[in-house]
>>> print(open('structure27.cif').read())   # mmCIF, C-alpha atoms and all ligand atoms
data_model
loop_
_atom_site.label_atom_id
_atom_site.label_comp_id
_atom_site.auth_asym_id
_atom_site.auth_seq_id
_atom_site.Cartn_x
_atom_site.Cartn_y
_atom_site.Cartn_z
CA MET A 1 135.74 -52.21 -46.29
CA ILE A 2 132.27 -52.21 -44.78
CA PRO A 3 130.26 -55.46 -44.85
CA PRO A 4 126.80 -55.59 -46.46
CA ALA A 5 123.81 -54.79 -44.21
CA PHE A 6 122.54 -57.57 -41.94
CA ASP A 7 120.00 -58.08 -39.16
CA TYR A 8 121.47 -58.59 -35.71
CA HIS A 9 120.24 -60.98 -33.00
CA ALA A 10 121.75 -61.48 -29.55
CA PRO A 11 120.18 -64.51 -27.81
CA HIS A 12 120.92 -65.32 -24.15
CA THR A 13 120.56 -69.11 -24.28
CA VAL A 14 121.62 -71.91 -26.62
CA ALA A 15 117.94 -72.82 -27.08
CA GLU A 16 117.15 -69.27 -28.29
CA ALA A 17 120.12 -69.35 -30.66
CA ILE A 18 119.02 -72.70 -32.11
CA ALA A 19 115.45 -71.41 -32.54
CA LEU A 20 116.82 -68.39 -34.45
CA LEU A 21 119.03 -70.63 -36.63
CA SER A 22 116.03 -72.84 -37.38
CA SER A 23 113.72 -69.97 -38.30
CA LEU A 24 116.23 -67.88 -40.27
CA GLY A 25 117.72 -70.83 -42.21
CA ASP A 26 120.89 -70.57 -44.26
CA ASP A 27 120.59 -66.78 -44.45
CA ALA A 28 121.90 -66.59 -40.86
CA LYS A 29 125.39 -67.02 -39.44
CA LEU A 30 126.56 -67.39 -35.87
CA LEU A 31 128.92 -64.66 -34.72
CA ALA A 32 131.56 -65.73 -32.19
CA GLY A 33 134.83 -63.74 -32.05
CA GLY A 34 134.25 -62.47 -35.58
CA HIS A 35 137.91 -62.77 -36.57
CA SER A 36 137.21 -65.09 -39.49
CA LEU A 37 133.59 -64.23 -40.27
CA LEU A 38 133.85 -60.43 -40.38
CA PRO A 39 136.88 -60.37 -42.75
CA MET A 40 134.97 -62.74 -45.05
CA MET A 41 131.92 -60.45 -44.93
CA LYS A 42 134.02 -57.38 -45.66
CA LEU A 43 135.51 -59.16 -48.68
CA ARG A 44 131.97 -60.29 -49.74
CA PHE A 45 132.98 -63.98 -49.51
CA ALA A 46 130.11 -64.31 -47.01
CA GLN A 47 126.93 -62.19 -47.16
CA PRO A 48 124.61 -63.44 -44.39
CA GLY A 49 121.32 -61.59 -44.05
CA ALA A 50 121.40 -62.08 -40.27
CA LEU A 51 124.04 -62.51 -37.59
CA ILE A 52 123.26 -64.42 -34.40
CA ASP A 53 125.73 -63.14 -31.83
CA ILE A 54 126.48 -65.94 -29.32
CA ASN A 55 128.71 -63.85 -27.05
CA ARG A 56 126.00 -63.37 -24.40
CA ILE A 57 125.34 -67.06 -23.75
CA PRO A 58 126.89 -68.14 -20.43
CA GLU A 59 126.40 -71.88 -21.22
CA LEU A 60 128.99 -71.59 -23.98
CA ARG A 61 131.73 -70.35 -21.67
CA GLY A 62 134.01 -71.87 -19.06
CA ILE A 63 136.62 -74.59 -18.67
CA SER A 64 135.93 -77.38 -16.19
CA GLU A 65 136.79 -80.98 -15.42
CA GLN A 66 133.90 -83.41 -15.06
CA GLY A 67 134.26 -87.19 -14.71
CA GLY A 68 137.86 -87.23 -15.88
CA VAL A 69 137.12 -85.16 -18.99
CA ILE A 70 137.94 -81.52 -19.56
CA ARG A 71 135.04 -79.53 -21.01
CA ILE A 72 135.86 -76.31 -22.81
CA GLY A 73 132.93 -74.07 -23.74
CA ALA A 74 132.98 -73.19 -27.44
CA MET A 75 133.05 -69.43 -26.68
CA THR A 76 136.29 -69.71 -24.70
CA SER A 77 138.81 -67.26 -26.18
CA GLU A 78 142.40 -68.19 -27.03
CA ASN A 79 143.61 -65.93 -24.21
CA GLU A 80 141.30 -67.72 -21.75
CA LEU A 81 142.79 -71.06 -22.85
CA ILE A 82 146.28 -69.67 -22.30
CA ALA A 83 145.44 -68.29 -18.83
CA SER A 84 143.65 -71.43 -17.58
CA PRO A 85 145.50 -73.13 -14.66
CA LEU A 86 143.53 -76.34 -15.41
CA LEU A 87 144.74 -76.47 -19.01
CA GLN A 88 148.28 -75.45 -18.04
CA ALA A 89 148.37 -78.44 -15.67
CA LYS A 90 146.42 -81.04 -17.66
CA LEU A 91 146.39 -80.05 -21.34
CA PRO A 92 149.53 -77.96 -21.82
CA LEU A 93 149.59 -78.71 -25.58
CA LEU A 94 146.46 -76.62 -25.97
CA VAL A 95 148.06 -73.71 -24.10
CA GLU A 96 151.25 -73.86 -26.14
CA ALA A 97 149.36 -74.08 -29.41
CA ALA A 98 147.02 -71.18 -28.54
CA LEU A 99 150.09 -69.01 -27.94
CA LEU A 100 151.09 -69.61 -31.58
CA ILE A 101 147.73 -68.46 -32.97
CA ALA A 102 147.63 -65.01 -34.58
CA ASP A 103 148.46 -62.13 -32.22
CA PRO A 104 147.25 -60.97 -28.77
CA GLN A 105 144.41 -58.88 -30.21
CA VAL A 106 143.01 -61.77 -32.25
CA ARG A 107 143.51 -64.17 -29.33
CA ASN A 108 141.51 -61.83 -27.12
CA ARG A 109 138.34 -62.24 -29.20
CA GLY A 110 138.86 -65.37 -31.31
CA THR A 111 137.27 -68.47 -29.78
CA ILE A 112 138.22 -72.14 -29.86
CA GLY A 113 134.72 -72.97 -31.11
CA GLY A 114 134.91 -70.46 -33.96
CA ASP A 115 138.38 -71.69 -34.90
CA ILE A 116 137.05 -75.25 -35.20
CA ALA A 117 133.59 -74.53 -36.68
CA HIS A 118 135.07 -72.34 -39.42
CA GLY A 119 136.57 -75.49 -41.01
CA ASP A 120 139.70 -73.73 -42.26
CA PRO A 121 142.58 -76.24 -42.63
CA GLY A 122 144.95 -73.32 -41.89
CA ASN A 123 143.50 -72.91 -38.40
CA ASP A 124 145.47 -74.60 -35.64
CA HIS A 125 142.76 -76.08 -33.38
CA PRO A 126 141.53 -78.69 -35.87
CA ALA A 127 144.88 -80.55 -35.98
CA ILE A 128 145.47 -80.02 -32.25
CA SER A 129 141.99 -81.48 -31.58
CA MET A 130 142.84 -84.53 -33.69
CA ALA A 131 146.13 -85.10 -31.86
CA LEU A 132 144.29 -84.77 -28.53
CA ASP A 133 141.47 -87.06 -29.75
CA ALA A 134 138.92 -84.38 -28.87
CA THR A 135 135.16 -84.81 -29.08
CA PHE A 136 132.93 -81.95 -30.21
CA VAL A 137 129.47 -81.43 -28.70
CA LEU A 138 126.90 -80.22 -31.26
CA GLN A 139 123.44 -79.03 -30.27
CA GLY A 140 120.48 -78.56 -32.58
CA PRO A 141 116.67 -78.76 -32.60
CA GLN A 142 116.83 -82.57 -32.24
CA GLY A 143 119.08 -82.36 -29.17
CA GLU A 144 122.76 -83.01 -28.59
CA ARG A 145 125.22 -85.26 -30.43
CA GLN A 146 128.93 -85.83 -30.16
CA VAL A 147 131.38 -86.04 -33.08
CA LYS A 148 135.05 -87.00 -32.87
CA ALA A 149 137.47 -84.39 -34.21
CA VAL A 150 138.75 -86.88 -36.77
CA ASP A 151 135.22 -87.19 -38.25
CA PHE A 152 134.24 -83.51 -38.06
CA PHE A 153 136.10 -81.87 -40.96
CA HIS A 154 134.62 -82.71 -44.36
CA GLY A 155 136.45 -80.22 -46.59
CA THR A 156 137.65 -76.62 -46.63
CA TYR A 157 134.98 -74.64 -44.72
CA MET A 158 132.83 -77.80 -44.59
CA THR A 159 132.17 -79.61 -41.32
CA ALA A 160 129.74 -82.06 -39.72
CA LEU A 161 127.72 -79.11 -38.33
CA ALA A 162 124.19 -78.91 -39.73
CA GLU A 163 122.87 -75.42 -40.56
CA ASP A 164 120.76 -75.36 -37.40
CA GLU A 165 123.44 -76.72 -35.04
CA ILE A 166 125.83 -74.99 -32.67
CA LEU A 167 129.18 -76.32 -31.50
CA THR A 168 128.70 -75.92 -27.75
CA ALA A 169 131.77 -77.56 -26.21
CA ILE A 170 135.01 -79.42 -26.79
CA LEU A 171 135.69 -82.49 -24.63
CA ILE A 172 139.26 -83.73 -24.13
CA ALA A 173 140.76 -86.26 -21.71
CA PRO A 174 143.65 -84.83 -19.66
CA LEU A 175 147.08 -86.03 -20.76
CA ALA A 176 148.15 -89.08 -18.72
CA ALA A 177 151.22 -88.67 -16.53
CA GLY A 178 154.43 -89.06 -18.54
CA THR A 179 152.83 -88.05 -21.84
CA GLY A 180 155.02 -85.99 -24.16
CA TYR A 181 153.49 -83.40 -26.46
CA ALA A 182 154.55 -80.71 -28.93
CA TYR A 183 153.17 -78.44 -31.62
CA GLN A 184 155.60 -77.28 -34.27
CA LYS A 185 154.28 -74.54 -36.55
CA LEU A 186 156.24 -73.01 -39.40
CA LYS A 187 155.01 -69.49 -40.13
CA ARG A 188 156.42 -66.67 -42.19
CA LYS A 189 155.96 -64.08 -39.45
CA THR A 190 154.25 -63.58 -36.11
CA GLY A 191 150.49 -63.56 -36.58
CA ASP A 192 150.51 -65.69 -39.72
CA TRP A 193 148.73 -68.97 -40.35
CA ALA A 194 150.89 -72.07 -40.60
CA THR A 195 152.83 -72.87 -43.77
CA ALA A 196 152.72 -76.34 -42.20
CA GLY A 197 152.18 -77.51 -38.64
CA ALA A 198 152.36 -80.79 -36.73
CA ALA A 199 150.92 -81.68 -33.32
CA VAL A 200 152.22 -84.80 -31.59
CA VAL A 201 151.10 -86.58 -28.42
CA LEU A 202 153.43 -89.42 -27.40
CA ARG A 203 153.85 -92.00 -24.66
CA MET A 204 156.69 -94.51 -24.23
CA ALA A 205 156.59 -97.77 -22.26
CA GLY A 206 159.44 -100.24 -21.95
CA GLY A 207 161.51 -98.33 -24.51
CA VAL A 208 158.89 -98.44 -27.27
CA VAL A 209 156.11 -96.09 -28.38
CA SER A 210 152.92 -97.10 -26.56
CA HIS A 211 150.72 -94.23 -27.80
CA VAL A 212 151.15 -91.67 -30.54
CA SER A 213 148.75 -89.32 -32.26
CA ILE A 214 149.72 -86.82 -34.94
CA GLY A 215 147.61 -83.95 -36.35
CA LEU A 216 148.69 -81.87 -39.36
CA THR A 217 147.80 -78.24 -40.09
CA ASN A 218 147.36 -76.62 -43.53
CA VAL A 219 148.67 -79.39 -45.75
CA ALA A 220 145.38 -80.62 -47.26
CA SER A 221 141.77 -79.47 -47.69
CA THR A 222 141.19 -80.31 -44.01
CA ALA A 223 143.41 -80.86 -41.00
CA LEU A 224 144.73 -84.42 -41.14
CA ARG A 225 145.21 -87.19 -38.61
CA ALA A 226 148.42 -88.87 -39.80
CA SER A 227 147.42 -92.48 -39.07
CA GLU A 228 150.05 -94.08 -41.33
CA ALA A 229 152.78 -92.08 -39.61
CA GLU A 230 151.43 -93.16 -36.23
CA ALA A 231 151.52 -96.80 -37.38
CA ALA A 232 155.16 -96.36 -38.40
CA LEU A 233 156.03 -95.44 -34.80
CA MET A 234 153.70 -97.59 -32.68
CA GLY A 235 155.34 -100.43 -30.76
CA LYS A 236 158.84 -99.44 -31.89
CA PRO A 237 161.74 -97.71 -30.19
CA LEU A 238 162.14 -94.09 -31.32
CA THR A 239 165.11 -94.19 -33.68
CA ASP A 240 166.20 -92.08 -36.64
CA ALA A 241 164.86 -94.87 -38.87
CA SER A 242 161.40 -95.04 -37.25
CA ILE A 243 161.09 -91.24 -37.26
CA ASP A 244 162.16 -91.18 -40.93
CA ALA A 245 159.42 -93.71 -41.69
CA ALA A 246 156.85 -91.51 -39.93
CA VAL A 247 158.05 -88.43 -41.81
CA HIS A 248 157.82 -90.34 -45.08
CA ALA A 249 154.23 -91.34 -44.26
CA VAL A 250 153.32 -87.74 -43.40
CA ARG A 251 154.68 -86.51 -46.71
CA ALA A 252 152.66 -89.15 -48.55
CA ALA A 253 149.47 -87.99 -46.78
CA CYS A 254 149.93 -84.30 -47.65
CA ASP A 255 148.02 -82.65 -50.47
CA PRO A 256 148.56 -78.93 -49.90
CA ALA A 257 147.42 -76.08 -52.12
CA GLU A 258 150.12 -73.85 -53.57
CA ASP A 259 149.87 -70.24 -52.36
CA LEU A 260 152.02 -67.36 -51.17
CA ARG A 261 153.34 -69.54 -48.32
CA GLY A 262 154.95 -71.98 -50.74
CA ASP A 263 154.51 -74.53 -53.48
CA VAL A 264 153.32 -78.08 -53.00
CA GLU A 265 156.82 -79.57 -52.74
CA TYR A 266 157.97 -77.05 -50.12
CA LYS A 267 154.84 -77.39 -47.96
CA THR A 268 155.03 -81.17 -48.11
CA ALA A 269 158.68 -81.14 -47.08
CA MET A 270 157.93 -78.70 -44.26
CA ALA A 271 155.08 -80.89 -42.97
CA GLY A 272 157.60 -83.70 -42.69
CA GLU A 273 160.12 -81.47 -40.95
CA MET A 274 157.57 -80.09 -38.48
CA THR A 275 156.55 -83.68 -37.70
CA ARG A 276 160.17 -84.73 -37.12
CA ARG A 277 160.71 -81.79 -34.74
CA ALA A 278 157.43 -82.35 -32.93
CA ILE A 279 158.17 -86.06 -32.39
CA ARG A 280 161.60 -85.23 -30.97
CA ALA A 281 160.24 -82.44 -28.78
CA ALA A 282 157.43 -84.66 -27.50
CA ALA A 283 159.87 -87.51 -26.81
CA ALA A 284 162.06 -85.18 -24.77
CA ARG A 285 159.04 -84.50 -22.55
CA CYS A 286 158.07 -88.15 -21.98
CA ALA A 287 158.80 -89.11 -18.38
C1 LIG A 301 145.22 -61.63 -38.55
C2 LIG A 301 144.65 -62.96 -38.19
C3 LIG A 301 145.52 -64.02 -38.01
C4 LIG A 301 145.03 -65.27 -37.65
N1 LIG A 301 145.90 -66.30 -37.47
C5 LIG A 301 145.43 -67.51 -37.08
C6 LIG A 301 146.31 -68.58 -36.81
O1 LIG A 301 147.53 -68.47 -36.91
N2 LIG A 301 145.77 -69.77 -36.41
C7 LIG A 301 144.43 -69.94 -36.26
O2 LIG A 301 144.02 -71.02 -35.87
N3 LIG A 301 143.58 -68.94 -36.50
C8 LIG A 301 144.04 -67.74 -36.91
N4 LIG A 301 143.17 -66.72 -37.16
C9 LIG A 301 141.72 -67.00 -37.07
C10 LIG A 301 141.21 -66.71 -35.69
O3 LIG A 301 141.74 -67.68 -34.80
C11 LIG A 301 139.69 -66.72 -35.67
O4 LIG A 301 139.33 -66.17 -34.47
C12 LIG A 301 139.02 -68.08 -35.79
O5 LIG A 301 139.30 -68.68 -37.04
C13 LIG A 301 137.50 -67.98 -35.73
O6 LIG A 301 137.08 -67.81 -34.42
P1 LIG A 301 136.03 -66.69 -34.07
O7 LIG A 301 135.63 -66.91 -32.67
O8 LIG A 301 136.63 -65.36 -34.40
O9 LIG A 301 134.81 -67.08 -35.03
P2 LIG A 301 133.93 -66.22 -36.04
O10 LIG A 301 134.79 -65.49 -36.99
O11 LIG A 301 132.92 -65.43 -35.30
O12 LIG A 301 133.18 -67.42 -36.80
C14 LIG A 301 133.85 -68.23 -37.74
C15 LIG A 301 132.82 -69.19 -38.37
O13 LIG A 301 132.46 -70.19 -37.44
C16 LIG A 301 131.04 -70.14 -37.16
N5 LIG A 301 130.92 -70.36 -35.72
C17 LIG A 301 131.56 -69.66 -34.74
N6 LIG A 301 131.30 -70.20 -33.53
C18 LIG A 301 130.47 -71.25 -33.75
C19 LIG A 301 129.87 -72.21 -32.89
N7 LIG A 301 130.07 -72.20 -31.56
N8 LIG A 301 129.10 -73.17 -33.45
C20 LIG A 301 128.91 -73.22 -34.80
N9 LIG A 301 129.46 -72.33 -35.65
C21 LIG A 301 130.23 -71.35 -35.13
C22 LIG A 301 130.59 -68.76 -37.61
O14 LIG A 301 129.23 -68.76 -38.00
C23 LIG A 301 131.51 -68.53 -38.79
O15 LIG A 301 131.03 -69.20 -39.94
C24 LIG A 301 143.62 -65.46 -37.49
C25 LIG A 301 142.75 -64.39 -37.69
C26 LIG A 301 143.25 -63.14 -38.03
C27 LIG A 301 142.30 -62.01 -38.22
#
>>> encode(input="structure27.cif", output="structure tokens", more="lines below")
Ligand SMILES: Cc1cc2nc3c(=O)[nH]c(=O)nc-3n(C[C@H](O)[C@H](O)[C@H](O)COP(=O)(O)OP(=O)(O)OC[C@H]3O[C@@H](n4cnc5c(N)ncnc54)[C@H](O)[C@@H]3O)c2cc1C
Amino acid sequence: MIPPAFDYHAPHTVAEAIALLSSLGDDAKLLAGGHSLLPMMKLRFAQPGALIDINRIPELRGISEQGGVIRIGAMTSENELIASPLLQAKLPLLVEAALLIADPQVRNRGTIGGDIAHGDPGNDHPAISMALDATFVLQGPQGERQVKAVDFFHGTYMTALAEDEILTAILIAPLAAGTGYAYQKLKRKTGDWATAGAAVVLRMAGGVVSHVSIGLTNVASTALRASEAEAALMGKPLTDASIDAAVHAVRAACDPAEDLRGDVEYKTAMAGEMTRRAIRAAAARCA
């Protein structure tokens, strides 16, 4: 299918892009990798009168470490995440998770910023960002502000982004030495979105859990941070009983929509199972 006609703009700076967003209003959409937006336009779920292509803005690219924080430009593609020696060494969860997203063609164009800004609970970066306690940098006409991943997702396709704002970067602290991590994603076939997914970041000290964060994919109207499940593990040794309690809490937090990937009961059960596997896999990596 061919999308409806639209005007096309290709700014070279974030400031130009924001000026275009401000002047064109809600008739305009940013175009990043296009792997979510263009299918929606072809299906007439989105009919923007103008596209603002942000692919030619150098400020939105690059992965660097500054002051103990890793900064990932919003226009960084999945394949660039996977190939980054910095992320392989300091944020390997992000590399592993990106490898589970779609297929090589989609990963070549699809960007981390687009994956997050789209606000689709089926996308993987929202839950990964929650587990990694990421901060998103948003820039608009009034300047820059920072929003925690856990506060960013307001509903399906709804986020904290104002109409005239751009997600410019994702900030994440490197994993401390000895931190275990895992992303478990159940999918029907290669290239599919998650039926349910769980991201876990875990540290142990003196035989008990000293840090745990859990993000859940595609089991509610937004990605979820499973705080009750984290509370069930914190300060305790990792035993079958404590993991069962966390799984129970995850199931209680789930509110998935029934679709071709499964009914509510199945998806809820699978969210629990992905969490159980991710906790065990993360624990096996704790030093
Ligand atoms: C076959 C297929 C399978 C897929 N499987 C998965 C999967 O398993 N897991 C997964 O996570 N994703 C999956 N995706 C989605 C893919 O990762 C998309 O690339 C991603 O959702 C959007 O990124 P994009 O760069 O293509 O953004 P675009 O499609 O260009 O934009 C998406 C939306 O975000 C807005 N936007 C983009 N960038 C910014 C920004 N910097 N600031 C503010 N707003 C912005 C756009 O205006 C648009 O509304 C799949 C896609 C396809 C086609």
>>> residues_near_point(input="structure27.cif", point="(161.8, -96.0, -34.2)", cutoff="12 Å", atoms="all atoms listed in the file", output="ChimeraX atom specification")
/A:204,207-210,229-247,276,279-280,283
>>> axis_aligned_box(input="structure27.cif", around="stretch 39-44 of chain A", padding_each_side="8 Å", output="lines of an AutoDock Vina configuration file")
center_x = 134.4
center_y = -60.1
center_z = -46.2
size_x = 21.0
size_y = 21.4
size_z = 23.0
>>> residues_around(input="structure27.cif", residues="stretch 164-167 of chain A", least_positions_apart="6", cutoff="7 Å", atoms="only C-alpha atoms", output="PyMOL selection string")
chain A and resi 18+21-22+74+113+136-140
>>> residues_around(input="structure27.cif", residues="A:Ala198", least_positions_apart="3", cutoff="6 Å", atoms="all atoms listed in the file", output="PyMOL selection string")
chain A and resi 183-184+215-216+274-275
>>> write_last_selection(input="structure27.cif", atoms="C-alpha atoms", output="PDB file, in the frame of the given file")
ATOM      1  CA  TYR A 183     153.170 -78.440 -31.620  1.00  0.00           C
ATOM      2  CA  GLN A 184     155.600 -77.280 -34.270  1.00  0.00           C
ATOM      3  CA  GLY A 215     147.610 -83.950 -36.350  1.00  0.00           C
ATOM      4  CA  LEU A 216     148.690 -81.870 -39.360  1.00  0.00           C
ATOM      5  CA  MET A 274     157.570 -80.090 -38.480  1.00  0.00           C
ATOM      6  CA  THR A 275     156.550 -83.680 -37.700  1.00  0.00           C
TER       7      THR A 275
END
>>> residues_near_ligand(input="structure27.cif", ligand="ligand LIG 301 (chain A)", cutoff="7 Å", atoms="all atoms listed in the file", output="ChimeraX atom specification")
/A:29-38,74-75,100-103,106-107,109-115,117-118,122-125,161,165-168,191-194
>>> residues_around(input="structure27.cif", residues="A:Gly262", least_positions_apart="3", cutoff="12 Å", atoms="all atoms listed in the file", output="list of chain:residue names")
A:Leu186, A:Lys187, A:Arg188, A:Ala194, A:Thr195, A:Ala196, A:Asn218, A:Val219, A:Pro256, A:Ala257, A:Glu258, A:Asp259, A:Glu265, A:Tyr266, A:Lys267, A:Thr268, A:Ala269, A:Met270, A:Ala271
>>> decode(input="structure27.cif", residues="stretch 237-265 of chain A", atoms="N, CA and C atoms", output="PDB file, in the first residue's frame")
ATOM      1  N   PRO A 237      17.807 -13.956  50.230  1.00  0.00           N
ATOM      2  CA  PRO A 237      18.575 -14.874  49.383  1.00  0.00           C
ATOM      3  C   PRO A 237      17.699 -15.286  48.189  1.00  0.00           C
ATOM      4  N   LEU A 238      18.322 -15.629  47.089  1.00  0.00           N
ATOM      5  CA  LEU A 238      17.531 -16.083  45.932  1.00  0.00           C
ATOM      6  C   LEU A 238      17.206 -17.554  46.115  1.00  0.00           C
ATOM      7  N   THR A 239      15.955 -17.835  46.426  1.00  0.00           N
ATOM      8  CA  THR A 239      15.514 -19.217  46.621  1.00  0.00           C
ATOM      9  C   THR A 239      14.319 -19.464  45.708  1.00  0.00           C
ATOM     10  N   ASP A 240      13.920 -20.724  45.598  1.00  0.00           N
ATOM     11  CA  ASP A 240      12.714 -21.017  44.807  1.00  0.00           C
ATOM     12  C   ASP A 240      11.528 -20.218  45.355  1.00  0.00           C
ATOM     13  N   ALA A 241      11.467 -20.125  46.698  1.00  0.00           N
ATOM     14  CA  ALA A 241      10.321 -19.430  47.315  1.00  0.00           C
ATOM     15  C   ALA A 241      10.336 -17.932  46.995  1.00  0.00           C
ATOM     16  N   SER A 242      11.525 -17.285  47.072  1.00  0.00           N
ATOM     17  CA  SER A 242      11.541 -15.837  46.804  1.00  0.00           C
ATOM     18  C   SER A 242      11.280 -15.566  45.319  1.00  0.00           C
ATOM     19  N   ILE A 243      11.793 -16.453  44.462  1.00  0.00           N
ATOM     20  CA  ILE A 243      11.530 -16.267  43.017  1.00  0.00           C
ATOM     21  C   ILE A 243      10.041 -16.498  42.725  1.00  0.00           C
ATOM     22  N   ASP A 244       9.445 -17.506  43.376  1.00  0.00           N
ATOM     23  CA  ASP A 244       7.998 -17.726  43.209  1.00  0.00           C
ATOM     24  C   ASP A 244       7.208 -16.485  43.617  1.00  0.00           C
ATOM     25  N   ALA A 245       7.633 -15.860  44.711  1.00  0.00           N
ATOM     26  CA  ALA A 245       6.924 -14.661  45.184  1.00  0.00           C
ATOM     27  C   ALA A 245       7.037 -13.537  44.153  1.00  0.00           C
ATOM     28  N   ALA A 246       8.219 -13.405  43.542  1.00  0.00           N
ATOM     29  CA  ALA A 246       8.396 -12.372  42.508  1.00  0.00           C
ATOM     30  C   ALA A 246       7.526 -12.676  41.288  1.00  0.00           C
ATOM     31  N   VAL A 247       7.495 -13.938  40.897  1.00  0.00           N
ATOM     32  CA  VAL A 247       6.684 -14.343  39.739  1.00  0.00           C
ATOM     33  C   VAL A 247       5.205 -14.071  40.021  1.00  0.00           C
ATOM     34  N   HIS A 248       4.783 -14.365  41.224  1.00  0.00           N
ATOM     35  CA  HIS A 248       3.393 -14.119  41.623  1.00  0.00           C
ATOM     36  C   HIS A 248       3.080 -12.621  41.499  1.00  0.00           C
ATOM     37  N   ALA A 249       4.012 -11.790  41.960  1.00  0.00           N
ATOM     38  CA  ALA A 249       3.802 -10.338  41.903  1.00  0.00           C
ATOM     39  C   ALA A 249       3.766  -9.845  40.457  1.00  0.00           C
ATOM     40  N   VAL A 250       4.595 -10.425  39.609  1.00  0.00           N
ATOM     41  CA  VAL A 250       4.577 -10.043  38.184  1.00  0.00           C
ATOM     42  C   VAL A 250       3.227 -10.379  37.573  1.00  0.00           C
ATOM     43  N   ARG A 251       2.750 -11.586  37.861  1.00  0.00           N
ATOM     44  CA  ARG A 251       1.450 -11.972  37.285  1.00  0.00           C
ATOM     45  C   ARG A 251       0.346 -11.014  37.739  1.00  0.00           C
ATOM     46  N   ALA A 252       0.411 -10.601  38.995  1.00  0.00           N
ATOM     47  CA  ALA A 252      -0.620  -9.693  39.520  1.00  0.00           C
ATOM     48  C   ALA A 252      -0.566  -8.329  38.836  1.00  0.00           C
ATOM     49  N   ALA A 253       0.639  -7.938  38.372  1.00  0.00           N
ATOM     50  CA  ALA A 253       0.792  -6.614  37.743  1.00  0.00           C
ATOM     51  C   ALA A 253       0.353  -6.608  36.282  1.00  0.00           C
ATOM     52  N   CYS A 254       0.276  -7.792  35.672  1.00  0.00           N
ATOM     53  CA  CYS A 254       0.003  -7.865  34.220  1.00  0.00           C
ATOM     54  C   CYS A 254      -1.458  -7.559  33.899  1.00  0.00           C
ATOM     55  N   ASP A 255      -1.651  -6.878  32.780  1.00  0.00           N
ATOM     56  CA  ASP A 255      -3.006  -6.625  32.281  1.00  0.00           C
ATOM     57  C   ASP A 255      -2.947  -6.630  30.748  1.00  0.00           C
ATOM     58  N   PRO A 256      -2.591  -7.786  30.167  1.00  0.00           N
ATOM     59  CA  PRO A 256      -2.342  -7.806  28.721  1.00  0.00           C
ATOM     60  C   PRO A 256      -3.638  -7.796  27.914  1.00  0.00           C
ATOM     61  N   ALA A 257      -3.512  -7.417  26.651  1.00  0.00           N
ATOM     62  CA  ALA A 257      -4.656  -7.479  25.742  1.00  0.00           C
ATOM     63  C   ALA A 257      -4.596  -8.806  24.991  1.00  0.00           C
ATOM     64  N   GLU A 258      -5.735  -9.447  24.857  1.00  0.00           N
ATOM     65  CA  GLU A 258      -5.783 -10.697  24.091  1.00  0.00           C
ATOM     66  C   GLU A 258      -5.577 -10.380  22.608  1.00  0.00           C
ATOM     67  N   ASP A 259      -4.752 -11.157  21.929  1.00  0.00           N
ATOM     68  CA  ASP A 259      -4.583 -11.013  20.482  1.00  0.00           C
ATOM     69  C   ASP A 259      -4.081 -12.327  19.914  1.00  0.00           C
ATOM     70  N   LEU A 260      -3.555 -12.284  18.695  1.00  0.00           N
ATOM     71  CA  LEU A 260      -3.131 -13.530  18.041  1.00  0.00           C
ATOM     72  C   LEU A 260      -1.989 -14.218  18.793  1.00  0.00           C
ATOM     73  N   ARG A 261      -1.287 -13.468  19.643  1.00  0.00           N
ATOM     74  CA  ARG A 261      -0.172 -14.084  20.396  1.00  0.00           C
ATOM     75  C   ARG A 261      -0.663 -14.862  21.615  1.00  0.00           C
ATOM     76  N   GLY A 262      -1.910 -14.684  22.009  1.00  0.00           N
ATOM     77  CA  GLY A 262      -2.411 -15.459  23.132  1.00  0.00           C
ATOM     78  C   GLY A 262      -3.503 -14.732  23.893  1.00  0.00           C
ATOM     79  N   ASP A 263      -4.168 -15.483  24.766  1.00  0.00           N
ATOM     80  CA  ASP A 263      -5.199 -14.849  25.586  1.00  0.00           C
ATOM     81  C   ASP A 263      -4.561 -14.283  26.864  1.00  0.00           C
ATOM     82  N   VAL A 264      -5.395 -13.656  27.659  1.00  0.00           N
ATOM     83  CA  VAL A 264      -4.888 -12.949  28.842  1.00  0.00           C
ATOM     84  C   VAL A 264      -4.190 -13.919  29.796  1.00  0.00           C
ATOM     85  N   GLU A 265      -4.798 -15.088  30.010  1.00  0.00           N
ATOM     86  CA  GLU A 265      -4.242 -16.053  30.967  1.00  0.00           C
ATOM     87  C   GLU A 265      -2.870 -16.542  30.499  1.00  0.00           C
TER      88      GLU A 265
END
